[in-house]
>>> print(open('input_13.cif').read())   # mmCIF, N, CA and C atoms
data_input
#
loop_
_atom_site.label_atom_id
_atom_site.label_comp_id
_atom_site.auth_asym_id
_atom_site.auth_seq_id
_atom_site.Cartn_x
_atom_site.Cartn_y
_atom_site.Cartn_z
N MET A 1 -197.12 92.06 -39.85
CA MET A 1 -195.78 91.87 -40.36
C MET A 1 -195.44 92.93 -41.40
N LYS A 2 -196.40 93.24 -42.30
CA LYS A 2 -196.17 94.25 -43.32
C LYS A 2 -195.92 95.61 -42.66
N TYR A 3 -196.65 95.88 -41.61
CA TYR A 3 -196.50 97.15 -40.89
C TYR A 3 -195.09 97.25 -40.30
N PHE A 4 -194.59 96.17 -39.71
CA PHE A 4 -193.25 96.14 -39.14
C PHE A 4 -192.19 96.38 -40.21
N LEU A 5 -192.33 95.77 -41.38
CA LEU A 5 -191.36 95.96 -42.47
C LEU A 5 -191.36 97.40 -42.97
N LYS A 6 -192.52 98.02 -43.04
CA LYS A 6 -192.59 99.42 -43.46
C LYS A 6 -191.88 100.31 -42.46
N ILE A 7 -192.13 100.10 -41.18
CA ILE A 7 -191.48 100.90 -40.14
C ILE A 7 -189.97 100.67 -40.18
N ALA A 8 -189.54 99.43 -40.32
CA ALA A 8 -188.11 99.12 -40.37
C ALA A 8 -187.46 99.80 -41.57
N ALA A 9 -188.13 99.81 -42.71
CA ALA A 9 -187.58 100.46 -43.90
C ALA A 9 -187.49 101.97 -43.70
N ILE A 10 -188.48 102.55 -43.08
CA ILE A 10 -188.47 104.00 -42.85
C ILE A 10 -187.36 104.38 -41.89
N VAL A 11 -187.13 103.57 -40.87
CA VAL A 11 -186.07 103.85 -39.90
C VAL A 11 -184.69 103.57 -40.49
N ALA A 12 -184.54 102.49 -41.24
CA ALA A 12 -183.24 102.08 -41.76
C ALA A 12 -182.73 102.99 -42.86
N PHE A 13 -183.61 103.49 -43.71
CA PHE A 13 -183.18 104.30 -44.85
C PHE A 13 -182.35 105.51 -44.43
N PRO A 14 -182.77 106.33 -43.46
CA PRO A 14 -181.93 107.47 -43.05
C PRO A 14 -180.61 107.05 -42.42
N LEU A 15 -180.55 105.86 -41.84
CA LEU A 15 -179.31 105.41 -41.22
C LEU A 15 -178.18 105.24 -42.24
N PHE A 16 -178.53 104.95 -43.48
CA PHE A 16 -177.49 104.83 -44.51
C PHE A 16 -176.72 106.13 -44.67
N PHE A 17 -177.36 107.26 -44.42
CA PHE A 17 -176.70 108.55 -44.56
C PHE A 17 -175.90 108.94 -43.33
N LEU A 18 -176.13 108.26 -42.22
CA LEU A 18 -175.43 108.57 -40.98
C LEU A 18 -174.21 107.70 -40.76
N ILE A 19 -174.01 106.69 -41.58
CA ILE A 19 -172.88 105.78 -41.42
C ILE A 19 -171.60 106.54 -41.77
N SER A 20 -170.58 106.38 -40.94
CA SER A 20 -169.31 107.07 -41.18
C SER A 20 -168.54 106.38 -42.29
N CYS A 21 -167.30 106.81 -42.49
CA CYS A 21 -166.45 106.35 -43.59
C CYS A 21 -166.24 104.85 -43.58
N GLU A 22 -166.22 104.28 -44.73
CA GLU A 22 -165.78 102.91 -44.89
C GLU A 22 -164.26 102.92 -44.84
N PRO A 23 -163.61 101.87 -44.34
CA PRO A 23 -162.16 101.84 -44.22
C PRO A 23 -161.43 102.03 -45.54
N ASP A 24 -162.04 101.63 -46.66
CA ASP A 24 -161.36 101.75 -47.94
C ASP A 24 -161.75 103.01 -48.71
N ASN A 25 -162.43 103.93 -48.08
CA ASN A 25 -162.85 105.16 -48.72
C ASN A 25 -161.75 106.21 -48.54
N PHE A 26 -160.86 106.32 -49.55
CA PHE A 26 -159.71 107.22 -49.45
C PHE A 26 -160.11 108.68 -49.28
N GLU A 27 -161.16 109.10 -49.96
CA GLU A 27 -161.57 110.50 -49.85
C GLU A 27 -162.05 110.83 -48.45
N CYS A 28 -162.76 109.92 -47.83
CA CYS A 28 -163.24 110.15 -46.47
C CYS A 28 -162.06 110.19 -45.49
N LEU A 29 -161.14 109.24 -45.61
CA LEU A 29 -159.96 109.23 -44.77
C LEU A 29 -159.13 110.48 -45.03
N ARG A 30 -158.99 110.85 -46.29
CA ARG A 30 -158.24 112.06 -46.63
C ARG A 30 -158.85 113.27 -45.95
N ASP A 31 -160.16 113.38 -45.99
CA ASP A 31 -160.82 114.54 -45.39
C ASP A 31 -160.60 114.58 -43.88
N GLN A 32 -160.51 113.41 -43.23
CA GLN A 32 -160.21 113.37 -41.80
C GLN A 32 -158.79 113.83 -41.51
N CYS A 33 -157.89 113.62 -42.46
CA CYS A 33 -156.49 114.00 -42.27
C CYS A 33 -156.20 115.46 -42.61
N LEU A 34 -157.12 116.12 -43.27
CA LEU A 34 -156.90 117.51 -43.66
C LEU A 34 -156.93 118.43 -42.45
N GLY A 35 -156.20 119.53 -42.54
CA GLY A 35 -156.23 120.53 -41.47
C GLY A 35 -154.85 120.74 -40.88
N SER A 36 -154.81 121.44 -39.76
CA SER A 36 -153.56 121.72 -39.07
C SER A 36 -153.34 120.72 -37.95
N TRP A 37 -152.11 120.24 -37.86
CA TRP A 37 -151.74 119.20 -36.89
C TRP A 37 -150.54 119.67 -36.08
N SER A 38 -150.58 119.44 -34.78
CA SER A 38 -149.45 119.72 -33.91
C SER A 38 -148.59 118.46 -33.82
N PHE A 39 -147.37 118.52 -34.35
CA PHE A 39 -146.45 117.39 -34.33
C PHE A 39 -145.54 117.50 -33.11
N MET A 40 -145.39 116.40 -32.40
CA MET A 40 -144.42 116.29 -31.32
C MET A 40 -143.42 115.24 -31.78
N GLU A 41 -142.23 115.73 -32.13
CA GLU A 41 -141.21 114.90 -32.75
C GLU A 41 -140.19 114.48 -31.70
N ASN A 42 -139.84 113.22 -31.68
CA ASN A 42 -138.82 112.69 -30.78
C ASN A 42 -137.56 112.48 -31.58
N THR A 43 -136.54 113.28 -31.29
CA THR A 43 -135.30 113.16 -32.06
C THR A 43 -134.13 113.74 -31.30
N ALA A 44 -132.97 113.22 -31.58
CA ALA A 44 -131.74 113.83 -31.09
C ALA A 44 -131.01 114.48 -32.26
N ALA A 45 -131.53 114.26 -33.45
CA ALA A 45 -130.84 114.73 -34.65
C ALA A 45 -130.78 116.25 -34.75
N LYS A 46 -131.78 116.91 -34.25
CA LYS A 46 -131.82 118.37 -34.38
C LYS A 46 -131.38 119.06 -33.10
N ASN A 47 -130.55 118.36 -32.32
CA ASN A 47 -130.00 118.88 -31.07
C ASN A 47 -131.05 119.17 -30.01
N VAL A 48 -132.20 118.55 -30.12
CA VAL A 48 -133.24 118.66 -29.10
C VAL A 48 -133.87 117.28 -28.95
N LYS A 49 -134.33 116.96 -27.73
CA LYS A 49 -134.95 115.65 -27.54
C LYS A 49 -136.36 115.63 -28.12
N PHE A 50 -137.14 116.67 -27.84
CA PHE A 50 -138.49 116.77 -28.38
C PHE A 50 -138.63 118.11 -29.08
N GLN A 51 -139.34 118.09 -30.16
CA GLN A 51 -139.59 119.32 -30.92
C GLN A 51 -141.05 119.35 -31.32
N SER A 52 -141.68 120.49 -31.15
CA SER A 52 -143.09 120.63 -31.51
C SER A 52 -143.22 121.67 -32.62
N TYR A 53 -144.04 121.34 -33.60
CA TYR A 53 -144.28 122.27 -34.71
C TYR A 53 -145.61 121.91 -35.37
N THR A 54 -146.09 122.80 -36.22
CA THR A 54 -147.39 122.61 -36.88
C THR A 54 -147.20 122.24 -38.34
N VAL A 55 -147.95 121.24 -38.77
CA VAL A 55 -147.98 120.82 -40.18
C VAL A 55 -149.41 121.01 -40.68
N LYS A 56 -149.54 121.62 -41.83
CA LYS A 56 -150.86 121.82 -42.44
C LYS A 56 -150.99 120.84 -43.60
N ILE A 57 -152.08 120.06 -43.59
CA ILE A 57 -152.34 119.08 -44.65
C ILE A 57 -153.53 119.56 -45.46
N THR A 58 -153.31 119.68 -46.77
CA THR A 58 -154.36 120.14 -47.68
C THR A 58 -154.51 119.13 -48.81
N LYS A 59 -155.68 119.13 -49.44
CA LYS A 59 -155.88 118.18 -50.52
C LYS A 59 -155.31 118.70 -51.83
N ASN A 60 -154.92 117.76 -52.66
CA ASN A 60 -154.48 118.06 -54.01
C ASN A 60 -155.76 118.12 -54.85
N VAL A 61 -156.02 119.26 -55.47
CA VAL A 61 -157.29 119.45 -56.16
C VAL A 61 -157.39 118.66 -57.46
N THR A 62 -156.27 118.16 -57.97
CA THR A 62 -156.32 117.42 -59.24
C THR A 62 -156.31 115.90 -59.06
N ASP A 63 -156.01 115.43 -57.84
CA ASP A 63 -155.94 113.99 -57.60
C ASP A 63 -156.40 113.71 -56.16
N SER A 64 -157.53 113.04 -56.00
CA SER A 64 -158.11 112.83 -54.67
C SER A 64 -157.30 111.88 -53.80
N THR A 65 -156.32 111.16 -54.38
CA THR A 65 -155.51 110.25 -53.58
C THR A 65 -154.26 110.94 -53.03
N LEU A 66 -154.05 112.21 -53.38
CA LEU A 66 -152.85 112.93 -52.96
C LEU A 66 -153.19 114.07 -52.01
N VAL A 67 -152.24 114.39 -51.12
CA VAL A 67 -152.35 115.54 -50.22
C VAL A 67 -151.02 116.29 -50.23
N TRP A 68 -151.07 117.54 -49.78
CA TRP A 68 -149.87 118.36 -49.58
C TRP A 68 -149.65 118.53 -48.09
N LEU A 69 -148.40 118.43 -47.65
CA LEU A 69 -148.05 118.64 -46.25
C LEU A 69 -147.08 119.81 -46.18
N GLU A 70 -147.53 120.90 -45.58
CA GLU A 70 -146.70 122.11 -45.43
C GLU A 70 -145.95 122.06 -44.11
N ASN A 71 -144.67 122.38 -44.15
CA ASN A 71 -143.80 122.44 -42.97
C ASN A 71 -143.49 121.05 -42.40
N PHE A 72 -143.63 120.01 -43.20
CA PHE A 72 -143.35 118.66 -42.72
C PHE A 72 -141.86 118.52 -42.38
N GLY A 73 -141.55 117.98 -41.21
CA GLY A 73 -140.16 117.84 -40.77
C GLY A 73 -139.59 119.11 -40.19
N ASN A 74 -140.40 120.16 -40.15
CA ASN A 74 -140.03 121.46 -39.60
C ASN A 74 -138.80 122.08 -40.26
N PRO A 75 -138.88 122.35 -41.56
CA PRO A 75 -137.76 123.01 -42.23
C PRO A 75 -137.72 124.52 -41.93
N ASN A 76 -138.61 124.98 -41.02
CA ASN A 76 -138.70 126.39 -40.63
C ASN A 76 -139.11 127.29 -41.78
N ASP A 77 -139.92 126.76 -42.67
CA ASP A 77 -140.45 127.54 -43.78
C ASP A 77 -141.78 126.92 -44.18
N ASN A 78 -142.88 127.59 -43.85
CA ASN A 78 -144.22 127.05 -44.15
C ASN A 78 -144.50 126.96 -45.64
N CYS A 79 -143.67 127.56 -46.47
CA CYS A 79 -143.87 127.49 -47.92
C CYS A 79 -143.37 126.17 -48.50
N ILE A 80 -142.59 125.42 -47.72
CA ILE A 80 -142.04 124.15 -48.21
C ILE A 80 -143.09 123.06 -48.02
N LYS A 81 -143.42 122.38 -49.13
CA LYS A 81 -144.44 121.33 -49.11
C LYS A 81 -143.85 120.03 -49.60
N VAL A 82 -144.42 118.92 -49.10
CA VAL A 82 -144.13 117.61 -49.65
C VAL A 82 -145.46 116.99 -50.06
N SER A 83 -145.39 116.08 -50.99
CA SER A 83 -146.58 115.40 -51.48
C SER A 83 -146.73 114.07 -50.77
N GLY A 84 -147.97 113.75 -50.38
CA GLY A 84 -148.26 112.48 -49.75
C GLY A 84 -149.36 111.75 -50.50
N THR A 85 -149.36 110.45 -50.41
CA THR A 85 -150.37 109.61 -51.04
C THR A 85 -151.21 108.96 -49.95
N MET A 86 -152.52 109.00 -50.11
CA MET A 86 -153.41 108.36 -49.15
C MET A 86 -153.28 106.84 -49.28
N THR A 87 -153.25 106.16 -48.14
CA THR A 87 -153.24 104.71 -48.10
C THR A 87 -154.51 104.27 -47.38
N SER A 88 -154.65 102.98 -47.16
CA SER A 88 -155.86 102.50 -46.50
C SER A 88 -155.94 102.91 -45.04
N ASN A 89 -154.80 103.32 -44.44
CA ASN A 89 -154.84 103.71 -43.03
C ASN A 89 -154.13 105.03 -42.72
N GLY A 90 -153.77 105.80 -43.73
CA GLY A 90 -153.11 107.07 -43.47
C GLY A 90 -152.47 107.68 -44.70
N ILE A 91 -151.26 108.21 -44.51
CA ILE A 91 -150.55 108.93 -45.57
C ILE A 91 -149.15 108.36 -45.73
N SER A 92 -148.75 108.14 -46.98
CA SER A 92 -147.40 107.70 -47.30
C SER A 92 -146.70 108.84 -48.05
N ILE A 93 -145.51 109.19 -47.60
CA ILE A 93 -144.71 110.22 -48.28
C ILE A 93 -143.61 109.49 -49.03
N PRO A 94 -143.70 109.45 -50.37
CA PRO A 94 -142.64 108.78 -51.13
C PRO A 94 -141.35 109.60 -51.07
N TYR A 95 -140.24 108.93 -51.29
CA TYR A 95 -138.93 109.59 -51.27
C TYR A 95 -138.95 110.75 -52.25
N GLN A 96 -138.67 111.94 -51.74
CA GLN A 96 -138.71 113.14 -52.59
C GLN A 96 -137.81 114.23 -52.02
N LYS A 97 -137.38 115.12 -52.91
CA LYS A 97 -136.52 116.23 -52.51
C LYS A 97 -137.37 117.45 -52.21
N MET A 98 -137.13 118.03 -51.04
CA MET A 98 -137.83 119.25 -50.66
C MET A 98 -137.09 120.45 -51.26
N SER A 99 -137.76 121.57 -51.36
CA SER A 99 -137.16 122.74 -51.99
C SER A 99 -135.99 123.32 -51.19
N ASN A 100 -135.82 122.90 -49.94
CA ASN A 100 -134.68 123.38 -49.14
C ASN A 100 -133.47 122.45 -49.25
N GLY A 101 -133.58 121.38 -50.06
CA GLY A 101 -132.47 120.47 -50.26
C GLY A 101 -132.55 119.19 -49.46
N TRP A 102 -133.48 119.10 -48.51
CA TRP A 102 -133.64 117.88 -47.73
C TRP A 102 -134.34 116.82 -48.59
N TRP A 103 -134.02 115.56 -48.33
CA TRP A 103 -134.75 114.44 -48.91
C TRP A 103 -135.58 113.82 -47.79
N VAL A 104 -136.81 113.45 -48.10
CA VAL A 104 -137.72 112.96 -47.08
C VAL A 104 -138.54 111.79 -47.59
N LYS A 105 -138.89 110.88 -46.68
CA LYS A 105 -139.87 109.83 -46.96
C LYS A 105 -140.41 109.35 -45.61
N GLY A 106 -141.64 108.82 -45.64
CA GLY A 106 -142.19 108.33 -44.39
C GLY A 106 -143.64 107.92 -44.50
N GLU A 107 -144.21 107.57 -43.34
CA GLU A 107 -145.61 107.15 -43.28
C GLU A 107 -146.26 107.64 -42.02
N GLY A 108 -147.52 108.04 -42.17
CA GLY A 108 -148.33 108.43 -41.03
C GLY A 108 -149.58 107.57 -40.97
N VAL A 109 -149.89 107.06 -39.79
CA VAL A 109 -151.06 106.22 -39.58
C VAL A 109 -152.08 107.04 -38.81
N CYS A 110 -153.28 107.11 -39.37
CA CYS A 110 -154.37 107.88 -38.77
C CYS A 110 -155.22 106.95 -37.93
N ASP A 111 -155.37 107.28 -36.64
CA ASP A 111 -156.23 106.46 -35.77
C ASP A 111 -157.43 107.29 -35.35
N GLY A 112 -158.30 107.49 -36.30
CA GLY A 112 -159.46 108.34 -36.07
C GLY A 112 -159.24 109.69 -36.71
N SER A 113 -159.99 110.67 -36.28
CA SER A 113 -159.89 111.98 -36.92
C SER A 113 -159.09 112.98 -36.11
N SER A 114 -158.43 112.55 -35.00
CA SER A 114 -157.73 113.53 -34.20
C SER A 114 -156.29 113.15 -33.84
N LYS A 115 -155.82 111.97 -34.20
CA LYS A 115 -154.45 111.54 -33.88
C LYS A 115 -153.81 110.84 -35.07
N MET A 116 -152.49 111.05 -35.21
CA MET A 116 -151.69 110.33 -36.19
C MET A 116 -150.36 109.98 -35.56
N THR A 117 -149.78 108.88 -36.02
CA THR A 117 -148.44 108.47 -35.61
C THR A 117 -147.57 108.43 -36.86
N TRP A 118 -146.41 109.06 -36.80
CA TRP A 118 -145.54 109.18 -37.96
C TRP A 118 -144.18 108.54 -37.72
N ASN A 119 -143.67 107.90 -38.75
CA ASN A 119 -142.29 107.42 -38.82
C ASN A 119 -141.74 107.92 -40.15
N TYR A 120 -140.62 108.63 -40.10
CA TYR A 120 -140.07 109.18 -41.34
C TYR A 120 -138.58 109.39 -41.21
N GLU A 121 -137.97 109.64 -42.34
CA GLU A 121 -136.54 109.92 -42.36
C GLU A 121 -136.27 111.14 -43.22
N ILE A 122 -135.24 111.87 -42.81
CA ILE A 122 -134.79 113.05 -43.55
C ILE A 122 -133.31 112.87 -43.83
N THR A 123 -132.94 113.09 -45.08
CA THR A 123 -131.54 112.99 -45.49
C THR A 123 -131.05 114.39 -45.88
N LEU A 124 -129.95 114.77 -45.26
CA LEU A 124 -129.34 116.08 -45.55
C LEU A 124 -127.84 115.88 -45.66
N ALA A 125 -127.29 116.26 -46.80
CA ALA A 125 -125.85 116.13 -47.05
C ALA A 125 -125.37 114.69 -46.85
N GLY A 126 -126.20 113.72 -47.24
CA GLY A 126 -125.83 112.32 -47.15
C GLY A 126 -126.08 111.67 -45.80
N ASP A 127 -126.41 112.44 -44.79
CA ASP A 127 -126.70 111.89 -43.47
C ASP A 127 -128.19 111.64 -43.32
N VAL A 128 -128.55 110.40 -42.95
CA VAL A 128 -129.94 110.02 -42.78
C VAL A 128 -130.29 110.06 -41.29
N GLU A 129 -131.36 110.73 -40.96
CA GLU A 129 -131.86 110.78 -39.58
C GLU A 129 -133.27 110.23 -39.57
N TYR A 130 -133.59 109.44 -38.53
CA TYR A 130 -134.89 108.80 -38.41
C TYR A 130 -135.69 109.48 -37.31
N PHE A 131 -136.99 109.65 -37.57
CA PHE A 131 -137.85 110.39 -36.65
C PHE A 131 -139.14 109.62 -36.37
N VAL A 132 -139.65 109.83 -35.17
CA VAL A 132 -140.97 109.35 -34.75
C VAL A 132 -141.70 110.57 -34.23
N ALA A 133 -142.95 110.73 -34.64
CA ALA A 133 -143.74 111.87 -34.17
C ALA A 133 -145.17 111.44 -33.94
N THR A 134 -145.78 112.06 -32.96
CA THR A 134 -147.22 111.94 -32.78
C THR A 134 -147.83 113.27 -33.17
N ALA A 135 -148.98 113.21 -33.80
CA ALA A 135 -149.63 114.43 -34.25
C ALA A 135 -151.05 114.48 -33.71
N SER A 136 -151.43 115.65 -33.24
CA SER A 136 -152.80 115.89 -32.73
C SER A 136 -153.43 116.98 -33.56
N LYS A 137 -154.67 116.78 -33.95
CA LYS A 137 -155.35 117.76 -34.76
C LYS A 137 -155.65 119.01 -33.96
N LEU A 138 -155.36 120.15 -34.55
CA LEU A 138 -155.62 121.43 -33.88
C LEU A 138 -157.02 121.91 -34.15
#
>>> encode(input="input_13.cif", output="structure tokens")
Amino acid sequence: MKYFLKIAAIVAFPLFFLISCEPDNFECLRDQCLGSWSFMENTAAKNVKFQSYTVKITKNVTDSTLVWLENFGNPNDNCIKVSGTMTSNGISIPYQKMSNGWWVKGEGVCDGSSKMTWNYEITLAGDVEYFVATASKL
């Protein structure tokens, strides 16, 4: 019996290092969300039914619960960023003004490390448009 317990301990100890992220580990979820994502947006607001563009998500170096999203909503300028907050299942973008004058807010749900589903709204000149997008990691 002692021999079995020793073997079990030797085998089990390395497994602790192989376990993936816990659901409430924001830094682990954040790291899965980082990188470049191909967004496929379904909208009639921009005079197209579907629109595809790339969003780059980077971490905020001063706060591990925050991320930066470049080109979110496709303002056609990769220098425009919005701030997002990590949640237990993805990213929340609080209502904020982008440098191009658009107002934006929304949420993205991460289902693993390669797909996200987004619901968000953009307000321009008082008109609110609602968007749904799926994102695939590049």
>>> closest_atom_pairs(input="input_13.cif", of="stretch 24-43 of chain A", to="stretch 96-114 of chain A", cutoff="8 Å", atoms="only N, CA and C atoms", output="CSV")
residue,atom,partner,partner_atom,distance
A:Asp31,C,A:Ser113,CA,7.5
A:Gln32,C,A:Ser113,CA,5.1
A:Cys33,N,A:Ser113,CA,6.1
>>> atom_distance(input="input_13.cif", atom1="atom CA of A:Lys137", atom2="atom CA of A:Leu34")
9.0 Å
>>> atom_distance(input="input_13.cif", atom1="atom CA of A:Met86", atom2="atom CA of A:Thr65")
5.3 Å
>>> closest_residue(input="input_13.cif", among="A:Tyr120, A:Phe72, A:Tyr130, A:Phe39", to="A:Tyr53", atoms="only C-alpha atoms")
A:Phe39
>>> resolve_selection(input="input_13.cif", expression="the PyMOL selection byres ((chain A and resi 80) around 6)", output="ChimeraX atom specification")
/A:69-72,77-79,81-82,99
>>> write_last_selection(input="input_13.cif", atoms="N, CA and C atoms", output="compact mmCIF listing (two decimals), in the coordinates of the input")
# COMPACT_ATOMS: atom_id res chain seq x y z
N LEU A 69 -148.40 118.43 -47.65
CA LEU A 69 -148.05 118.64 -46.25
C LEU A 69 -147.08 119.81 -46.18
N GLU A 70 -147.53 120.90 -45.58
CA GLU A 70 -146.70 122.11 -45.43
C GLU A 70 -145.95 122.06 -44.11
N ASN A 71 -144.67 122.38 -44.15
CA ASN A 71 -143.80 122.44 -42.97
C ASN A 71 -143.49 121.05 -42.40
N PHE A 72 -143.63 120.01 -43.20
CA PHE A 72 -143.35 118.66 -42.72
C PHE A 72 -141.86 118.52 -42.38
N ASP A 77 -139.92 126.76 -42.67
CA ASP A 77 -140.45 127.54 -43.78
C ASP A 77 -141.78 126.92 -44.18
N ASN A 78 -142.88 127.59 -43.85
CA ASN A 78 -144.22 127.05 -44.15
C ASN A 78 -144.50 126.96 -45.64
N CYS A 79 -143.67 127.56 -46.47
CA CYS A 79 -143.87 127.49 -47.92
C CYS A 79 -143.37 126.17 -48.50
N LYS A 81 -143.42 122.38 -49.13
CA LYS A 81 -144.44 121.33 -49.11
C LYS A 81 -143.85 120.03 -49.60
N VAL A 82 -144.42 118.92 -49.10
CA VAL A 82 -144.13 117.61 -49.65
C VAL A 82 -145.46 116.99 -50.06
N SER A 99 -137.76 121.57 -51.36
CA SER A 99 -137.16 122.74 -51.99
C SER A 99 -135.99 123.32 -51.19
>>> atom_distance(input="input_13.cif", atom1="atom CA of A:Ala125", atom2="atom C of A:Thr85")
26.5 Å
>>> closest_residue(input="input_13.cif", among="A:Asn74, A:Asn42, A:Trp37, A:Ala133", to="A:Lys56", atoms="only C-alpha atoms")
A:Trp37
>>> residues_around(input="input_13.cif", residues="A:Ser36", least_positions_apart="6", cutoff="6.5 Å", atoms="all atoms listed in the file", output="NGL selection string")
:A and (54-57 or 136-138)
>>> select_by_dssp(input="input_13.cif", residues="stretch 22-136 of chain A", states="strand (DSSP E)", output="number ranges by chain")
A: 35-42, 50-59, 66-70, 81-86, 90-97, 103-110, 115-124, 127-136
>>> resolve_selection(input="input_13.cif", expression="the PyMOL selection byres ((chain A and resi 134) around 6)", output="list in words")
Ser38, Phe39, Met40, Glu41, Met116, Thr117, Trp118, Val132, Ala133, Ala135 and Ser136 of chain A
>>> write_last_selection(input="input_13.cif", atoms="N, CA and C atoms", output="JSON list (two decimals), in the coordinates of the input")
[["chain", "number", "residue", "atom", "x", "y", "z"],
["A", 38, "SER", "N", -150.58, 119.44, -34.78],
["A", 38, "SER", "CA", -149.45, 119.72, -33.91],
["A", 38, "SER", "C", -148.59, 118.46, -33.82],
["A", 39, "PHE", "N", -147.37, 118.52, -34.35],
["A", 39, "PHE", "CA", -146.45, 117.39, -34.33],
["A", 39, "PHE", "C", -145.54, 117.50, -33.11],
["A", 40, "MET", "N", -145.39, 116.40, -32.40],
["A", 40, "MET", "CA", -144.42, 116.29, -31.32],
["A", 40, "MET", "C", -143.42, 115.24, -31.78],
["A", 41, "GLU", "N", -142.23, 115.73, -32.13],
["A", 41, "GLU", "CA", -141.21, 114.90, -32.75],
["A", 41, "GLU", "C", -140.19, 114.48, -31.70],
["A", 116, "MET", "N", -152.49, 111.05, -35.21],
["A", 116, "MET", "CA", -151.69, 110.33, -36.19],
["A", 116, "MET", "C", -150.36, 109.98, -35.56],
["A", 117, "THR", "N", -149.78, 108.88, -36.02],
["A", 117, "THR", "CA", -148.44, 108.47, -35.61],
["A", 117, "THR", "C", -147.57, 108.43, -36.86],
["A", 118, "TRP", "N", -146.41, 109.06, -36.80],
["A", 118, "TRP", "CA", -145.54, 109.18, -37.96],
["A", 118, "TRP", "C", -144.18, 108.54, -37.72],
["A", 132, "VAL", "N", -139.65, 109.83, -35.17],
["A", 132, "VAL", "CA", -140.97, 109.35, -34.75],
["A", 132, "VAL", "C", -141.70, 110.57, -34.23],
["A", 133, "ALA", "N", -142.95, 110.73, -34.64],
["A", 133, "ALA", "CA", -143.74, 111.87, -34.17],
["A", 133, "ALA", "C", -145.17, 111.44, -33.94],
["A", 135, "ALA", "N", -148.98, 113.21, -33.80],
["A", 135, "ALA", "CA", -149.63, 114.43, -34.25],
["A", 135, "ALA", "C", -151.05, 114.48, -33.71],
["A", 136, "SER", "N", -151.43, 115.65, -33.24],
["A", 136, "SER", "CA", -152.80, 115.89, -32.73],
["A", 136, "SER", "C", -153.43, 116.98, -33.56]]
>>> residues_around(input="input_13.cif", residues="A:Val67", least_positions_apart="5", cutoff="5 Å", atoms="all atoms listed in the file", output="PyMOL selection string")
chain A and resi 58-60+83-85
